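A.B. asks: Please find final_5.txt (compact mmCIF, N, CA and C atoms) on the next line:
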```txt
# COMPACT_ATOMS: atom_id res chain seq x y z
N MET A 1 15.35 105.63 113.54
CA MET A 1 15.80 106.98 113.84
C MET A 1 15.20 107.38 115.18
N ARG A 2 16.05 107.68 116.11
CA ARG A 2 15.61 108.08 117.45
C ARG A 2 16.02 109.51 117.73
N MET A 3 15.19 110.20 118.52
CA MET A 3 15.50 111.57 118.92
C MET A 3 14.83 111.85 120.26
N THR A 4 15.36 112.83 120.96
CA THR A 4 14.81 113.19 122.26
C THR A 4 13.99 114.45 122.13
N GLY A 5 13.01 114.57 123.01
CA GLY A 5 12.14 115.75 123.00
C GLY A 5 11.53 115.97 124.36
N THR A 6 10.80 117.06 124.49
CA THR A 6 10.15 117.43 125.74
C THR A 6 8.64 117.46 125.52
N VAL A 7 7.90 116.79 126.39
CA VAL A 7 6.45 116.75 126.28
C VAL A 7 5.88 118.13 126.59
N THR A 8 5.05 118.65 125.67
CA THR A 8 4.41 119.95 125.90
C THR A 8 2.95 119.79 126.27
N LYS A 9 2.26 118.82 125.69
CA LYS A 9 0.87 118.51 126.04
C LYS A 9 0.75 117.01 126.20
N ALA A 10 0.26 116.58 127.35
CA ALA A 10 0.14 115.15 127.62
C ALA A 10 -1.31 114.72 127.57
N ALA A 11 -1.56 113.57 127.00
CA ALA A 11 -2.88 112.95 126.94
C ALA A 11 -2.67 111.44 127.10
N PRO A 12 -3.74 110.71 127.42
CA PRO A 12 -3.56 109.26 127.65
C PRO A 12 -3.02 108.49 126.45
N LEU A 13 -3.47 108.80 125.24
CA LEU A 13 -3.05 108.01 124.08
C LEU A 13 -2.16 108.76 123.11
N ARG A 14 -2.19 110.08 123.14
CA ARG A 14 -1.43 110.88 122.18
C ARG A 14 -0.95 112.15 122.87
N CYS A 15 0.28 112.52 122.61
CA CYS A 15 0.80 113.73 123.23
C CYS A 15 1.60 114.52 122.20
N GLU A 16 1.83 115.78 122.51
CA GLU A 16 2.67 116.62 121.66
C GLU A 16 4.04 116.74 122.30
N VAL A 17 5.06 116.58 121.46
CA VAL A 17 6.43 116.62 121.93
C VAL A 17 7.19 117.65 121.12
N THR A 18 7.92 118.54 121.80
CA THR A 18 8.77 119.51 121.14
C THR A 18 10.16 118.91 121.02
N VAL A 19 10.67 118.89 119.78
CA VAL A 19 11.95 118.25 119.50
C VAL A 19 12.91 119.29 118.96
N PHE A 20 14.11 119.35 119.52
CA PHE A 20 15.18 120.19 119.01
C PHE A 20 16.12 119.32 118.19
N GLN A 21 16.59 119.84 117.11
CA GLN A 21 17.54 119.11 116.28
C GLN A 21 18.90 119.24 116.93
N THR A 22 19.31 118.20 117.64
CA THR A 22 20.55 118.29 118.42
C THR A 22 21.79 118.33 117.54
N SER A 23 21.69 117.91 116.30
CA SER A 23 22.86 117.98 115.43
C SER A 23 23.20 119.42 115.06
N ALA A 24 22.25 120.35 115.26
CA ALA A 24 22.51 121.75 114.96
C ALA A 24 23.12 122.49 116.14
N CYS A 25 23.29 121.81 117.25
CA CYS A 25 23.81 122.44 118.46
C CYS A 25 25.32 122.24 118.52
N PRO A 26 26.11 123.31 118.39
CA PRO A 26 27.56 123.15 118.38
C PRO A 26 28.15 122.78 119.74
N ALA A 27 27.48 123.15 120.81
CA ALA A 27 28.03 122.92 122.14
C ALA A 27 27.64 121.55 122.69
N GLY A 28 26.63 120.91 122.10
CA GLY A 28 26.19 119.61 122.58
C GLY A 28 25.44 119.67 123.89
N CYS A 29 24.90 120.83 124.21
CA CYS A 29 24.23 121.00 125.49
C CYS A 29 22.73 120.72 125.41
N GLY A 30 22.22 120.43 124.24
CA GLY A 30 20.79 120.19 124.11
C GLY A 30 19.98 121.46 124.15
N HIS A 31 20.54 122.54 123.68
CA HIS A 31 19.88 123.85 123.57
C HIS A 31 19.63 124.50 124.92
N GLN A 32 20.49 124.25 125.87
CA GLN A 32 20.34 124.88 127.18
C GLN A 32 21.14 126.17 127.30
N CYS A 33 22.15 126.38 126.43
CA CYS A 33 23.00 127.56 126.57
C CYS A 33 22.62 128.68 125.62
N ALA A 34 21.69 128.44 124.70
CA ALA A 34 21.24 129.43 123.71
C ALA A 34 22.36 129.84 122.77
N GLY A 35 23.40 129.02 122.65
CA GLY A 35 24.48 129.32 121.73
C GLY A 35 24.09 129.08 120.28
N CYS A 36 23.08 128.29 120.07
CA CYS A 36 22.62 127.99 118.71
C CYS A 36 21.21 128.53 118.54
N SER A 37 21.04 129.80 118.73
CA SER A 37 19.72 130.40 118.70
C SER A 37 19.04 130.28 117.35
N ALA A 38 19.79 129.93 116.31
CA ALA A 38 19.18 129.77 114.99
C ALA A 38 18.39 128.47 114.89
N ALA A 39 18.69 127.50 115.73
CA ALA A 39 17.98 126.22 115.68
C ALA A 39 16.57 126.41 116.23
N ARG A 40 15.59 125.93 115.49
CA ARG A 40 14.20 126.08 115.90
C ARG A 40 13.62 124.71 116.21
N PRO A 41 12.79 124.63 117.25
CA PRO A 41 12.19 123.34 117.57
C PRO A 41 11.04 123.03 116.61
N PHE A 42 10.69 121.77 116.51
CA PHE A 42 9.48 121.39 115.79
C PHE A 42 8.66 120.48 116.68
N VAL A 43 7.35 120.49 116.47
CA VAL A 43 6.43 119.76 117.32
C VAL A 43 5.92 118.55 116.57
N VAL A 44 5.94 117.41 117.21
CA VAL A 44 5.42 116.18 116.62
C VAL A 44 4.37 115.59 117.55
N ALA A 45 3.46 114.84 116.99
CA ALA A 45 2.50 114.08 117.77
C ALA A 45 3.07 112.68 117.95
N ALA A 46 2.99 112.18 119.16
CA ALA A 46 3.58 110.87 119.45
C ALA A 46 2.56 109.97 120.12
N ASP A 47 2.66 108.69 119.87
CA ASP A 47 1.83 107.68 120.50
C ASP A 47 2.36 107.47 121.91
N SER A 48 1.54 107.82 122.91
CA SER A 48 2.00 107.72 124.30
C SER A 48 1.28 106.62 125.06
N SER A 49 0.67 105.67 124.36
CA SER A 49 -0.03 104.60 125.06
C SER A 49 0.97 103.77 125.87
N GLY A 50 0.59 103.50 127.09
CA GLY A 50 1.46 102.73 127.97
C GLY A 50 2.35 103.59 128.85
N TRP A 51 2.35 104.90 128.66
CA TRP A 51 3.20 105.79 129.44
C TRP A 51 2.32 106.80 130.17
N THR A 52 2.68 107.08 131.41
CA THR A 52 2.03 108.15 132.17
C THR A 52 2.96 109.35 132.10
N LEU A 53 2.55 110.35 131.35
CA LEU A 53 3.43 111.49 131.09
C LEU A 53 2.81 112.78 131.60
N ALA A 54 3.67 113.74 131.85
CA ALA A 54 3.26 115.08 132.22
C ALA A 54 4.07 116.07 131.40
N ALA A 55 3.57 117.29 131.31
CA ALA A 55 4.30 118.31 130.58
C ALA A 55 5.67 118.52 131.23
N GLY A 56 6.70 118.58 130.42
CA GLY A 56 8.06 118.78 130.92
C GLY A 56 8.89 117.51 130.94
N ASP A 57 8.28 116.35 130.76
CA ASP A 57 9.03 115.10 130.72
C ASP A 57 9.88 115.04 129.44
N ARG A 58 11.12 114.56 129.58
CA ARG A 58 11.98 114.34 128.41
C ARG A 58 11.82 112.89 127.98
N VAL A 59 11.53 112.69 126.70
CA VAL A 59 11.24 111.36 126.20
C VAL A 59 12.12 111.04 124.99
N LEU A 60 12.28 109.75 124.74
CA LEU A 60 13.00 109.26 123.58
C LEU A 60 11.97 108.79 122.57
N LEU A 61 12.01 109.34 121.36
CA LEU A 61 11.04 109.03 120.31
C LEU A 61 11.67 108.16 119.24
N GLU A 62 10.83 107.33 118.62
CA GLU A 62 11.28 106.49 117.51
C GLU A 62 10.27 106.61 116.38
N HIS A 63 10.76 106.69 115.16
CA HIS A 63 9.91 106.79 113.99
C HIS A 63 9.24 105.44 113.76
N THR A 64 7.91 105.44 113.57
CA THR A 64 7.19 104.17 113.45
C THR A 64 6.60 103.91 112.08
N ALA A 65 6.35 104.93 111.29
CA ALA A 65 5.58 104.73 110.07
C ALA A 65 6.31 103.82 109.08
N TYR A 66 7.48 104.19 108.68
CA TYR A 66 8.25 103.41 107.73
C TYR A 66 9.71 103.54 108.08
N HIS A 67 10.48 102.59 107.66
CA HIS A 67 11.90 102.61 107.95
C HIS A 67 12.55 103.77 107.20
N PRO A 68 13.38 104.58 107.85
CA PRO A 68 14.00 105.72 107.18
C PRO A 68 14.86 105.34 105.98
N LEU A 69 15.47 104.16 106.00
CA LEU A 69 16.27 103.75 104.85
C LEU A 69 15.39 103.47 103.64
N LEU A 70 14.20 102.94 103.86
CA LEU A 70 13.27 102.73 102.76
C LEU A 70 12.86 104.06 102.15
N MET A 71 12.59 105.04 102.99
CA MET A 71 12.22 106.37 102.49
C MET A 71 13.38 107.00 101.73
N GLY A 72 14.60 106.83 102.22
CA GLY A 72 15.76 107.36 101.52
C GLY A 72 15.97 106.70 100.17
N ALA A 73 15.75 105.41 100.12
CA ALA A 73 15.88 104.70 98.83
C ALA A 73 14.82 105.14 97.85
N LEU A 74 13.59 105.32 98.35
CA LEU A 74 12.52 105.79 97.46
C LEU A 74 12.78 107.19 96.94
N LEU A 75 13.34 108.02 97.79
CA LEU A 75 13.53 109.42 97.41
C LEU A 75 14.76 109.65 96.55
N PHE A 76 15.82 108.88 96.75
CA PHE A 76 17.07 109.14 96.03
C PHE A 76 17.41 108.10 94.97
N LEU A 77 17.29 106.83 95.31
CA LEU A 77 17.72 105.80 94.37
C LEU A 77 16.73 105.55 93.24
N LEU A 78 15.45 105.49 93.56
CA LEU A 78 14.46 105.19 92.53
C LEU A 78 14.43 106.24 91.41
N PRO A 79 14.44 107.55 91.72
CA PRO A 79 14.51 108.52 90.62
C PRO A 79 15.79 108.41 89.80
N LEU A 80 16.90 108.11 90.44
CA LEU A 80 18.16 107.95 89.71
C LEU A 80 18.09 106.76 88.74
N ILE A 81 17.61 105.65 89.25
CA ILE A 81 17.51 104.45 88.41
C ILE A 81 16.51 104.65 87.28
N SER A 82 15.36 105.25 87.58
CA SER A 82 14.37 105.46 86.52
C SER A 82 14.83 106.53 85.54
N GLY A 83 15.61 107.50 85.98
CA GLY A 83 16.18 108.49 85.06
C GLY A 83 17.16 107.87 84.09
N ILE A 84 18.00 106.98 84.60
CA ILE A 84 18.94 106.27 83.72
C ILE A 84 18.17 105.37 82.76
N GLY A 85 17.12 104.72 83.28
CA GLY A 85 16.29 103.88 82.41
C GLY A 85 15.60 104.68 81.32
N GLY A 86 15.11 105.86 81.66
CA GLY A 86 14.48 106.73 80.66
C GLY A 86 15.47 107.18 79.60
N TYR A 87 16.68 107.46 80.01
CA TYR A 87 17.72 107.84 79.05
C TYR A 87 18.01 106.69 78.09
N LEU A 88 18.16 105.49 78.64
CA LEU A 88 18.48 104.34 77.80
C LEU A 88 17.33 104.01 76.84
N LEU A 89 16.09 104.13 77.28
CA LEU A 89 14.96 103.89 76.40
C LEU A 89 14.90 104.92 75.27
N ALA A 90 15.13 106.19 75.61
CA ALA A 90 15.10 107.24 74.59
C ALA A 90 16.29 107.09 73.65
N HIS A 91 17.41 106.64 74.16
CA HIS A 91 18.59 106.45 73.31
C HIS A 91 18.39 105.29 72.34
N ASP A 92 17.73 104.24 72.81
CA ASP A 92 17.47 103.09 71.93
C ASP A 92 16.46 103.43 70.84
N ALA A 93 15.55 104.36 71.12
CA ALA A 93 14.54 104.74 70.12
C ALA A 93 15.16 105.59 69.01
N LYS A 94 16.34 106.14 69.25
CA LYS A 94 17.09 106.95 68.28
C LYS A 94 16.26 108.12 67.74
N LEU A 95 15.54 108.75 68.65
CA LEU A 95 14.76 109.93 68.27
C LEU A 95 15.49 111.22 68.61
N GLY A 96 16.58 111.11 69.33
CA GLY A 96 17.31 112.31 69.74
C GLY A 96 16.64 113.02 70.91
N LEU A 97 15.83 112.32 71.66
CA LEU A 97 15.11 112.91 72.80
C LEU A 97 15.66 112.40 74.13
N ASN A 98 16.96 112.25 74.20
CA ASN A 98 17.58 111.70 75.41
C ASN A 98 17.28 112.53 76.64
N VAL A 99 17.27 113.84 76.48
CA VAL A 99 17.04 114.74 77.62
C VAL A 99 15.62 114.56 78.14
N PHE A 100 14.65 114.46 77.24
CA PHE A 100 13.26 114.30 77.67
C PHE A 100 13.02 112.93 78.29
N GLY A 101 13.68 111.91 77.76
CA GLY A 101 13.57 110.57 78.35
C GLY A 101 14.15 110.53 79.74
N THR A 102 15.27 111.19 79.92
CA THR A 102 15.91 111.25 81.24
C THR A 102 15.02 112.01 82.23
N ALA A 103 14.51 113.17 81.82
CA ALA A 103 13.66 113.97 82.71
C ALA A 103 12.37 113.24 83.04
N GLY A 104 11.77 112.59 82.04
CA GLY A 104 10.54 111.84 82.29
C GLY A 104 10.76 110.68 83.23
N GLY A 105 11.82 109.94 83.04
CA GLY A 105 12.13 108.83 83.94
C GLY A 105 12.44 109.31 85.34
N PHE A 106 13.15 110.43 85.44
CA PHE A 106 13.49 111.00 86.74
C PHE A 106 12.23 111.42 87.49
N LEU A 107 11.32 112.10 86.80
CA LEU A 107 10.08 112.55 87.44
C LEU A 107 9.17 111.37 87.80
N LEU A 108 9.12 110.35 86.97
CA LEU A 108 8.32 109.16 87.30
C LEU A 108 8.89 108.44 88.53
N GLY A 109 10.17 108.57 88.76
CA GLY A 109 10.78 107.95 89.92
C GLY A 109 10.34 108.56 91.23
N PHE A 110 9.86 109.81 91.22
CA PHE A 110 9.39 110.46 92.44
C PHE A 110 7.97 110.07 92.82
N LEU A 111 7.20 109.51 91.91
CA LEU A 111 5.80 109.20 92.20
C LEU A 111 5.59 108.26 93.38
N PRO A 112 6.34 107.16 93.53
CA PRO A 112 6.13 106.32 94.72
C PRO A 112 6.41 107.05 96.03
N ALA A 113 7.42 107.89 96.06
CA ALA A 113 7.73 108.63 97.29
C ALA A 113 6.62 109.64 97.61
N LEU A 114 6.11 110.31 96.61
CA LEU A 114 5.01 111.26 96.83
C LEU A 114 3.75 110.53 97.29
N TRP A 115 3.46 109.38 96.70
CA TRP A 115 2.30 108.60 97.10
C TRP A 115 2.41 108.16 98.56
N LEU A 116 3.59 107.67 98.95
CA LEU A 116 3.79 107.20 100.32
C LEU A 116 3.70 108.35 101.32
N ASN A 117 4.26 109.49 100.99
CA ASN A 117 4.18 110.65 101.86
C ASN A 117 2.74 111.11 102.04
N ARG A 118 1.98 111.12 100.98
CA ARG A 118 0.57 111.52 101.06
C ARG A 118 -0.22 110.53 101.91
N ARG A 119 0.08 109.25 101.76
CA ARG A 119 -0.60 108.22 102.54
C ARG A 119 -0.32 108.36 104.03
N ILE A 120 0.91 108.67 104.38
CA ILE A 120 1.27 108.85 105.80
C ILE A 120 0.54 110.07 106.37
N ARG A 121 0.50 111.16 105.62
CA ARG A 121 -0.18 112.37 106.11
C ARG A 121 -1.68 112.17 106.28
N GLN A 122 -2.31 111.48 105.35
CA GLN A 122 -3.76 111.30 105.41
C GLN A 122 -4.19 110.31 106.47
N SER A 123 -3.28 109.48 106.95
CA SER A 123 -3.65 108.50 107.96
C SER A 123 -4.02 109.18 109.28
N GLY A 124 -3.42 110.32 109.58
CA GLY A 124 -3.72 111.03 110.81
C GLY A 124 -3.12 110.39 112.05
N GLN A 125 -2.42 109.30 111.88
CA GLN A 125 -1.80 108.61 113.00
C GLN A 125 -0.46 109.24 113.33
N PRO A 126 -0.07 109.20 114.60
CA PRO A 126 1.27 109.71 114.94
C PRO A 126 2.34 108.86 114.27
N THR A 127 3.34 109.50 113.74
CA THR A 127 4.41 108.75 113.08
C THR A 127 5.57 108.49 114.03
N TYR A 128 5.44 108.90 115.27
CA TYR A 128 6.46 108.65 116.28
C TYR A 128 5.82 107.96 117.47
N ARG A 129 6.59 107.12 118.13
CA ARG A 129 6.13 106.51 119.38
C ARG A 129 7.18 106.73 120.45
N ILE A 130 6.73 106.78 121.67
CA ILE A 130 7.63 107.01 122.80
C ILE A 130 8.24 105.68 123.20
N VAL A 131 9.56 105.65 123.23
CA VAL A 131 10.30 104.44 123.56
C VAL A 131 10.67 104.43 125.04
N ALA A 132 11.08 105.58 125.57
CA ALA A 132 11.49 105.64 126.97
C ALA A 132 11.32 107.05 127.49
N VAL A 133 11.18 107.15 128.79
CA VAL A 133 11.17 108.44 129.47
C VAL A 133 12.57 108.67 129.99
N MET A 134 13.20 109.77 129.54
CA MET A 134 14.61 110.01 129.87
C MET A 134 14.81 110.38 131.33
N ASP A 135 14.08 111.35 131.79
CA ASP A 135 14.17 111.73 133.19
C ASP A 135 12.84 112.32 133.60
N MET A 136 12.39 111.94 134.77
CA MET A 136 11.12 112.42 135.28
C MET A 136 11.39 113.61 136.19
N PRO A 137 10.62 114.71 136.04
CA PRO A 137 10.79 115.81 136.98
C PRO A 137 10.35 115.38 138.37
N GLU A 138 11.10 115.85 139.35
CA GLU A 138 10.80 115.45 140.73
C GLU A 138 9.55 116.17 141.22
N THR A 139 8.65 115.42 141.87
CA THR A 139 7.44 115.99 142.44
C THR A 139 7.65 116.19 143.92
N GLU A 140 7.08 117.26 144.42
CA GLU A 140 7.26 117.56 145.85
C GLU A 140 6.01 117.31 146.60
```
Could you write out this structure as structure tokens?
C.D. replies:
Amino acid sequence: MRMTGTVTKAAPLRCEVTVFQTSACPAGCGHQCAGCSAARPFVVAADSSGWTLAAGDRVLLEHTAYHPLLMGALLFLLPLISGIGGYLLAHDAKLGLNVFGTAGGFLLGFLPALWLNRRIRQSGQPTYRIVAVMDMPETE
């Protein structure tokens, strides 16, 4: 997953980048016309090792922690599969607790995603790295 952003604070190894969600911009201008004033930027910390950056540089960021498809599978597919499994186990027990088996399996399916999210947050490492500098401001 790649996205563009603007460097707000530059440091040798880590910098802060302000990212606008360009999919929320109807005009495709990158938030230059203020037509999508409802869109709010978010700030991410990025690994800037190997790049000489200054505030105002536009950069291309890439997610580094885990593959987004893996996260999507953990968040959506695993709870679905474990919910169906919980239903089938409760149905085989013939206790009439199909709803509780389904809910229990569904909730157990979220545990790996919650664990992985907590692990990423506690690492303190930037989850984005700078892939390229889009355009450098001209110096006079």
A.B. asks: For segment 104-119 of chain A, work out the shell of residues within 7 Å, counting only N, CA and C atoms and skipping chain neighbours fewer than 5 positions away, then give it as a PyMOL selection string.
C.D. replies: chain A and resi 74-75+78-87+99+124
A.B. asks: Excluding Ala54 of chain A and residues on its chain fewer than 5 positions from it, collect all residues at most 7 Å away from it, counting all atoms listed in the file, and give them as number ranges by chain.
C.D. replies: A: 7-10
A.B. asks: Could you check the closest approach to Ala55 of chain A for each of A:Leu77, A:Val17, A:Ala103, A:Leu88 and tell me which residue wins, using only C-alpha atoms?
C.D. replies: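 Closest candidate: A:Val17.
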A.B. asks: Could you tell me which of A:Ala73, A:Ala132, A:Leu95, A:Leu53 comes closest to Pro12 of chain A if we count only N, CA and C atoms?
C.D. replies: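 When distances to Pro12 of chain A are compared using only N, CA and C atoms, the smallest one comes from A:Leu53.
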A.B. asks: Here is a test: counting all atoms listed in the file, which residue of A:Thr127, A:Val133, A:Trp51, A:Gly96 is nearest to Thr64 of chain A?
C.D. replies: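 When distances to Thr64 of chain A are compared using all atoms listed in the file, the smallest one comes from A:Thr127.
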A.B. asks: Rounded to one decimal in Å, what is the spacing between atom CA of Met71 of chain A and atom CA of Cys15 of chain A?
C.D. replies: 24.8 Å
A.B. asks: Give the padded box for segment 100-110 of chain A as AutoDock Vina command-line options: axis-aligned, covering all atoms listed in the file, 6 Å on each side, centre and edge lengths in Å to one decimal.
C.D. replies:
```
--center_x 11.9 --center_y 111.2 --center_z 85.0 --size_x 19.9 --size_y 18.5 --size_z 27.6
```
A.B. asks: What does the structure give for the distance between atom C of Asp47 of chain A and atom C of Arg129 of chain A, in Å to one decimal?
C.D. replies: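 According to the coordinates, atom C of Asp47 of chain A and atom C of Arg129 of chain A are separated by 5.1 Å.
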